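Each remark here refers to the structure printed beneath this line.
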Amino acid sequence: MRMNRKKQRGKHAVISCIRMPQLRCTRVSESGILRRVALALCACLLFTAVFVGCGTEASDEPVDPNKLQVMASFYTMYDFAQKIGGEHVQVTCMVPSGTEPHDWEPSTKDITRMEQADVFIYNGAGMEHWVSDVLAGLSNKKLISVEASQGVSLLRSAEEEDGHDHETAHADEDEEDGHDHETAHADEDEEDSHDHETAHADEDGHDHADEEDAAVSNAAAHEDDAADHTVVAAPDGHDAHEHGEYNPHVWLDPMNAKQEMQNICEAFSKADPEHRADYQANYEKWAKQLDELDKTYQTTLENLSERNIVVAHEAYGYLCRRYNLTQVSIEGMSPDSEPDPGRMADIIDFVRANNVRAIFFEELSGSRTAETVAAETGVKLLTLSPLEGLSDRQEETGGDYFSVMEENLQQLTEALR
């Protein structure tokens, strides 16, 4: 009997297994349809995303053999390349949308695409710390690489400037001590060997010599200062600047942006001489708009009462230099850097003492430190974009360099008037 029950249970189990899959088959069929619809929608979205530009993997977009293949390191380079190249170029933005580019590094797919590219555009000035190593490892001999910031007068980062000033101060002290010591001995010898009248004449001569020495010293100092801020790109076109040594955000000054577009125009003309006239016409069109943007900034900001801006990220040195503003940064050159408690206390004191009305933060990198300062001081938070990438909101509204710079001007005006 026990055996029979087992057989019966097995028989029922078999029957159950035969019936139940019929029900499951119906459900699988329904879910299969839904799954296919979902996959089709995903495919459509992926196809759309590919042709937006930034934000996709470099190898996802099919290569158009009739267009110049261009790799751009991050959003602003991508935008400038699109504007200059127009219909003749296919531009791939290497840093994905919404990604902070300072510490980003290219993937294997990016390197593969660079091996097939005609032109590679990067900002330089230390923005892309990976460029030298990547270019050195490529076998693509036809690739034209352009450091877009060539010809721009560079600013040292705040950390480098502090260190440079400290070293210069010590050097000046040592030189002054040595000079005073030598002068004292020379004066003693002259007093021993000459009469009062001769000594007086010598003193007059010495005074004039000191004035000439001072003039030469000042001229040399100005030359040294110019050397500190003007950097010529390496002969092979690779980025010769250490990451963090200089402020790389040159494009926030529209005149620097114009220089970068000119460099891109020249690279495209070299790679594709057939369409040189089109590239030049595009450059002239956008250069004119950059002149207009610069004029708008000048006329809007020149009469505002406040000149200090407190920012989360030390990115706005070129904008401030152009429009006579003073940047006070909570963090360093990279938005990932964390200020120590002493720095935070200094910023809070500065905000209170200087009637600062707003703290600026960036949508891409968050606002934790800026929120802390704003909460402590009771001032408002405003966004200010360094144009390292577009936010989701800016992408949805079709933003570009010009629209974001116009937004920045509105935010600056609100904070400084």
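Ligands are numbered from 1 in the order shown, residues from 1 within each chain, and chains are lettered A, B, ... in the order they appear in the structure tokens.
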Check your understanding: Do you know which residues are at most 8 Å from stretch 262-276 of chain A counting only C-alpha atoms, after dropping those on the same chain fewer than 5 positions away, and could you put them as number ranges by chain?
Key -> A: 68, 80-81, 84-85, 88, 118-119, 121, 144-150, 283
Check your understanding: Excluding same-chain residues fewer than 4 positions from A:Trp251, what lies within 9 Å of it counting only C-alpha atoms, as a ChimeraX atom specification?
Key -> /A:76,123,149,255-260,318-319,386-387
Can you list every residue of stretch 233-312 of chain A that has an atom at most 12 Å from stretch 347-356 of chain A, with its nearest atom pair and the distance in Å to one decimal, using only C-alpha atoms, ordered by chain then number, as a Markdown table?
| residue | atom | partner | partner_atom | distance |
| --- | --- | --- | --- | --- |
| A:Ser305 | CA | A:Asn355 | CA | 10.8 |
| A:Glu306 | CA | A:Val356 | CA | 8.0 |
| A:Arg307 | CA | A:Val356 | CA | 9.3 |
| A:Asn308 | CA | A:Val356 | CA | 7.1 |
| A:Ile309 | CA | A:Val356 | CA | 7.4 |
| A:Val310 | CA | A:Val356 | CA | 7.6 |
| A:Val311 | CA | A:Ile347 | CA | 10.0 |
| A:Ala312 | CA | A:Ile347 | CA | 10.5 |
Check your understanding: Using only C-alpha atoms, which of the listed residues (A:Ile330, A:Leu409, A:Leu135, A:Met77) sits closest to A:Leu301?
Key ->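 Looking only at the distances to A:Leu301, the closest residue turns out to be A:Leu409.
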